[in-house]
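Okay, protein.txt now, which holds compact mmCIF, C-alpha atoms:
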```txt
# COMPACT_ATOMS: atom_id res chain seq x y z
CA ILE R 199 -116.62 -4.69 18.18
CA ILE R 200 -113.85 -5.44 15.74
CA ILE R 201 -110.44 -6.24 17.21
CA HIS R 202 -107.78 -6.09 14.51
CA LEU R 203 -104.52 -7.68 15.67
CA GLY R 204 -102.48 -6.97 12.56
CA THR R 205 -99.23 -5.06 12.89
CA THR R 206 -95.51 -5.68 13.10
CA PRO R 207 -94.25 -7.56 16.19
CA LEU R 208 -92.58 -4.33 17.35
CA ARG R 209 -95.98 -2.66 17.86
CA LYS R 210 -97.89 -5.59 19.42
CA LEU R 211 -98.92 -6.33 22.96
CA SER R 212 -97.85 -9.73 24.23
CA LEU R 213 -99.94 -12.72 23.22
CA LEU R 214 -101.16 -13.01 26.81
CA LYS R 215 -102.36 -9.38 26.79
CA GLU R 216 -104.12 -9.89 23.44
CA GLU R 217 -105.85 -12.96 24.87
CA GLN R 218 -106.91 -11.03 27.98
CA LEU R 219 -108.19 -8.08 25.94
CA ILE R 220 -110.36 -10.29 23.75
CA GLY R 221 -111.68 -12.13 26.82
CA MET R 222 -112.67 -8.89 28.52
CA PHE R 223 -115.26 -8.31 25.79
CA GLU R 224 -117.02 -11.63 26.33
CA GLY R 225 -120.74 -10.94 26.41
CA ARG R 226 -120.50 -8.68 23.36
CA LYS R 227 -120.39 -9.61 19.72
CA VAL R 228 -116.70 -9.47 18.76
CA LEU R 229 -114.95 -10.03 15.44
CA VAL R 230 -111.20 -10.68 15.71
CA THR R 231 -109.19 -10.25 12.56
CA ASP R 232 -105.63 -10.13 11.27
CA PRO R 233 -104.20 -9.56 7.77
CA GLY R 234 -102.88 -13.12 7.54
CA SER R 235 -102.90 -16.21 9.67
CA PRO R 236 -99.91 -15.83 11.97
CA GLU R 237 -99.25 -18.17 14.85
CA ASN R 238 -100.69 -15.81 17.51
CA TYR R 239 -103.95 -15.36 15.59
CA SER R 240 -104.35 -19.13 15.20
CA HIS R 241 -103.62 -19.63 18.91
CA LEU R 242 -106.27 -17.06 19.92
CA ASN R 243 -108.78 -18.56 17.48
CA GLU R 244 -108.25 -21.95 19.12
CA ILE R 245 -108.79 -20.51 22.62
CA TYR R 246 -112.10 -18.84 21.71
CA LYS R 247 -113.39 -21.38 19.15
CA ASN R 248 -116.28 -22.46 21.42
CA ASN R 249 -117.44 -18.93 22.19
CA ASN R 250 -120.32 -18.08 19.82
CA GLU R 251 -119.99 -14.34 20.45
CA ILE R 252 -116.32 -14.13 19.45
CA GLU R 253 -115.75 -14.78 15.76
CA PHE R 254 -112.44 -14.90 13.90
CA MET R 255 -112.17 -13.84 10.26
CA LEU R 256 -109.38 -13.03 7.84
CA PHE R 257 -109.87 -10.32 5.24
CA GLY R 258 -108.11 -10.01 1.90
CA SER R 259 -107.91 -6.22 2.10
CA LEU R 260 -108.64 -3.23 4.29
CA GLU R 261 -111.38 -2.26 1.84
CA GLU R 262 -113.13 -5.57 2.54
CA MET R 263 -112.70 -5.05 6.28
CA ALA R 264 -114.08 -1.50 5.99
CA GLN R 265 -117.45 -2.97 4.98
CA TYR R 266 -117.63 -4.67 8.38
CA CYS R 267 -116.42 -1.55 10.16
CA ILE R 268 -119.25 0.55 8.75
CA ASN R 269 -121.76 -1.69 10.55
CA SER R 270 -119.84 -1.96 13.84
CA LYS R 271 -119.62 0.26 16.90
CA LEU R 272 -115.88 0.19 17.54
CA LEU R 273 -112.55 -0.86 16.06
CA ILE R 274 -109.75 -1.71 18.47
CA CYS R 275 -106.40 -1.93 16.74
CA TYR R 276 -102.75 -1.04 16.91
CA ASP R 277 -101.33 2.18 15.54
CA GLY R 278 -100.55 1.73 11.88
CA GLY R 279 -101.99 1.98 8.41
CA GLN R 280 -105.10 0.04 9.39
CA ALA R 281 -105.93 2.59 12.10
CA HIS R 282 -105.39 5.50 9.72
CA TYR R 283 -107.49 4.04 6.93
CA LEU R 284 -110.31 2.42 8.92
CA SER R 285 -110.79 5.33 11.34
CA GLN R 286 -112.54 7.23 8.56
CA PHE R 287 -115.40 4.68 8.79
CA ILE R 288 -115.64 3.75 12.48
CA ARG R 289 -114.81 4.96 15.95
CA THR R 290 -111.31 3.68 16.63
CA ALA R 291 -109.42 2.86 19.80
CA ALA R 292 -105.76 2.74 18.75
CA ILE R 293 -103.06 1.18 20.92
CA PHE R 294 -99.68 2.86 20.67
CA GLY R 295 -96.27 1.42 21.41
CA PRO R 296 -93.22 2.68 19.55
CA GLY R 297 -93.94 5.80 17.57
CA SER R 298 -95.39 9.21 18.11
CA VAL R 299 -98.95 9.44 19.39
CA SER R 300 -99.03 13.16 18.60
CA LEU R 301 -98.18 12.49 14.94
CA TRP R 302 -100.03 9.26 14.23
CA LYS R 303 -103.23 9.22 16.29
CA PRO R 304 -106.41 8.59 14.23
CA PHE R 305 -106.99 11.80 12.31
CA GLU R 306 -110.30 13.57 11.73
CA PHE R 307 -109.47 17.28 11.56
CA ALA R 308 -110.00 17.70 15.29
CA GLY R 309 -107.80 18.12 18.31
CA TYR R 310 -107.37 15.62 21.10
CA THR R 311 -107.74 16.09 24.85
CA LEU R 312 -106.70 13.95 27.79
CA LEU R 313 -109.50 11.53 28.65
CA GLU R 314 -108.06 9.34 31.42
CA LYS R 315 -104.76 8.84 33.17
CA SER R 316 -104.12 5.81 35.36
CA LYS R 317 -102.26 5.83 38.65
CA SER R 318 -99.39 4.04 36.92
CA GLY R 319 -99.21 6.72 34.19
CA GLU R 320 -101.03 5.19 31.23
CA GLU R 321 -102.97 7.74 29.21
CA ALA R 322 -105.97 7.78 26.92
CA ILE R 323 -106.70 10.80 24.75
CA ILE R 324 -109.92 11.42 22.83
CA SER R 325 -110.55 13.32 19.62
CA ASN R 326 -112.96 16.22 19.64
CA GLY R 327 -114.32 15.24 16.23
CA LYS R 328 -117.30 13.27 15.00
CA PHE R 329 -115.95 9.80 15.82
CA ARG R 330 -114.38 10.60 19.21
CA HIS R 331 -111.40 8.30 18.50
CA ILE R 332 -109.31 7.20 21.47
CA ALA R 333 -105.55 6.64 21.55
CA PHE R 334 -103.94 4.61 24.34
CA TYR R 335 -100.28 4.94 25.27
CA PHE R 336 -97.76 4.98 28.05
CA PRO R 337 -95.96 8.35 27.94
CA MET R 338 -92.20 7.98 27.90
CA TRP R 339 -89.18 10.13 27.24
CA CYS R 340 -88.20 7.85 24.32
CA ARG R 341 -91.64 7.98 22.70
CA GLN R 342 -90.14 9.34 19.50
CA CYS R 343 -88.37 6.10 18.54
CA PHE R 344 -90.46 6.02 15.33
CA ASP R 345 -90.58 2.24 15.01
CA VAL R 346 -86.89 1.70 15.65
CA GLY R 347 -87.92 0.06 18.87
CA CYS R 348 -85.91 -1.37 21.71
CA SER R 349 -85.50 -4.71 23.41
CA GLU R 350 -87.50 -3.65 26.50
CA VAL R 351 -90.57 -2.18 24.74
CA VAL R 352 -91.61 -0.57 28.03
CA CYS R 353 -94.21 1.54 26.20
CA LEU R 354 -96.26 -1.61 25.54
CA ARG R 355 -95.17 -3.65 28.54
CA ASP R 356 -96.50 -1.01 30.96
CA LEU R 357 -99.78 -0.46 29.10
CA SER R 358 -102.43 -2.61 30.79
CA VAL R 359 -105.37 -4.19 29.03
CA THR R 360 -107.47 -3.45 32.11
CA PHE R 361 -106.91 0.28 31.57
CA ILE R 362 -107.77 -0.06 27.87
CA TYR R 363 -110.90 -2.09 28.61
CA ASN R 364 -112.15 0.19 31.38
CA VAL R 365 -111.78 3.32 29.26
CA ILE R 366 -113.53 1.68 26.30
CA ARG R 367 -116.35 0.39 28.50
CA LYS R 368 -116.82 3.78 30.15
CA TYR R 369 -116.57 6.06 27.12
CA CYS R 370 -117.58 3.92 24.16
CA PHE R 371 -120.42 1.91 25.65
CA ASN R 372 -121.26 3.90 28.76
CA ASP R 373 -122.26 0.83 30.70
CA SER R 374 -121.11 -1.03 33.74
CA HIS R 375 -121.50 -4.48 32.22
CA ASN R 376 -121.28 -6.11 28.82
CA SER R 377 -124.96 -5.69 27.94
CA ASN R 378 -124.75 -4.35 24.38
CA ASN R 379 -123.02 -5.43 21.19
```

Represent the structure of the file as structure tokens.
Amino acid sequence: IIIHLGTTPLRKLSLLKEEQLIGMFEGRKVLVTDPGSPENYSHLNEIYKNNNEIEFMLFGSLEEMAQYCINSKLLICYDGGQAHYLSQFIRTAAIFGPGSVSLWKPFEFAGYTLLEKSKSGEEAIISNGKFRHIAFYFPMWCRQCFDVGCSEVVCLRDLSVTFIYNVIRKYCFNDSHNSNN
């Protein structure tokens, strides 16, 4: 699994949620990456430095990262250029905050259908194409903010990592425990 944390602060989950999401995949081989070495990335690297299954690596370009994606089962990342580019090589689970899921979900010339909806309203949709990409979001009336953002960022605040993890575990690995990489 590749977890790419790169995006603007406006589109990111909190540092605590990123830490929890990475930790949920313990027991699998995980590569965590970012386009630079921001403070959050360094903090997370320090937390997981003694876990041999969770590796941290910085790439100089998306092309370089694509080589790793080709040999991996899943990319988990935020909505953005990385999701659009890398989703042509690997099944992608894209996390959406500000912006339009209907416009910017990973594209593969196929429609999307509702996959799961939580009791609190979070949604996961899945593509009907070859890769079966998944997009996670919290539907809101202001969803069309197109990266203008707001101070509350409810769209990300109300999206739980437990929902994301459970959908990925169920539909991408089809197992009840972390038994495969």

Measure the distance from atom CA of R:Ile324 to atom CA of R:Phe257 in Å and round it to one decimal.
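These atoms are spaced 28.0 Å apart.
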
Nearest to R:Leu213 by atom-to-atom distance, counting all atoms listed in the file, from R:Tyr335, R:Gly297, R:Ser285, R:Leu354:
R:Leu354

Could you tell me how far atom CA of R:Glu306 sits from atom CA of R:Lys328, in Å to one decimal place?
7.7 Å

Neighbours of stretch 360-367 of chain R within 9 Å (all atoms listed in the file; same-chain residues fewer than 3 positions away dropped), as a list in words?
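Close residues of stretch 360-367 of chain R: Gln218, Leu219, Met222, Phe223, Ala291, Ile293, Leu313, Glu314, Lys315, Ser316, Glu320, Glu321, Ala322, Ile332, Phe334, Leu357, Cys370, Phe371, Asn372, Asp373, Ser374, His375 and Asn376 of chain R.
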
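Once only C-alpha atoms are considered, the residues situated within 12 Å of the file point (-114.9, 11.1, 15.0) turn out to be Lys271, Leu272, Leu284, Ser285, Gln286, Phe287, Ile288, Arg289, Thr290, Ala291, Lys303, Pro304, Phe305, Glu306, Phe307, Ala308, Gly309, Tyr310, Ile324, Ser325, Asn326, Gly327, Lys328, Phe329, Arg330, His331, Ile332 and Cys370 of chain R.
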
Go ahead and find all residues with at least one atom no further than 6 Å from (-117.7, -12.7, 16.6) in the file's coordinates, using all atoms listed in the file; report them as number ranges by chain.
R: 227-229, 251-253

Can you tell me how far atom CA of R:Val299 sits from atom CA of R:Gly221, in Å to one decimal?
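Rounded to one decimal, the two atoms are 26.1 Å apart.
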
Could you check the closest approach to R:Glu237 for each of R:Pro207, R:Cys348, R:Leu273, R:Leu301 and tell me which residue wins, using all atoms listed in the file?
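Looking only at the distances to R:Glu237, the closest residue turns out to be R:Pro207.
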
Compile the contact shell of R:Cys275 as a ChimeraX atom specification: residues with an atom at most 10 Å away, counting only C-alpha atoms, same-chain residues fewer than 3 positions apart removed.
/R:200-205,210,231-232,272,278,280-281,284,290-294,333

Return the single residue from R:Arg226, R:Gly279, R:Glu216, R:Trp302 that is closest to R:Ser259, with distances computed using only C-alpha atoms.
R:Gly279

Using only C-alpha atoms: which of R:Glu224, R:Gly319, R:Glu350, R:Arg209 has the shortest distance to R:Asp277
R:Arg209

Expected axis-aligned box over every listed atom of stretch 308-315 of chain R, 8 Å added per side, centre plus edges in Å to one decimal, as lines of an AutoDock Vina configuration file:
```
center_x = -107.4
center_y = 13.5
center_z = 24.2
size_x = 21.2
size_y = 25.3
size_z = 33.9
```

Counting only C-alpha atoms, the residue of R:Lys215, R:Leu208, R:Gly234, R:Tyr239 that sits nearest R:Gly295:
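Comparing R:Lys215, R:Leu208, R:Gly234, R:Tyr239 against R:Gly295, the winner is R:Leu208.
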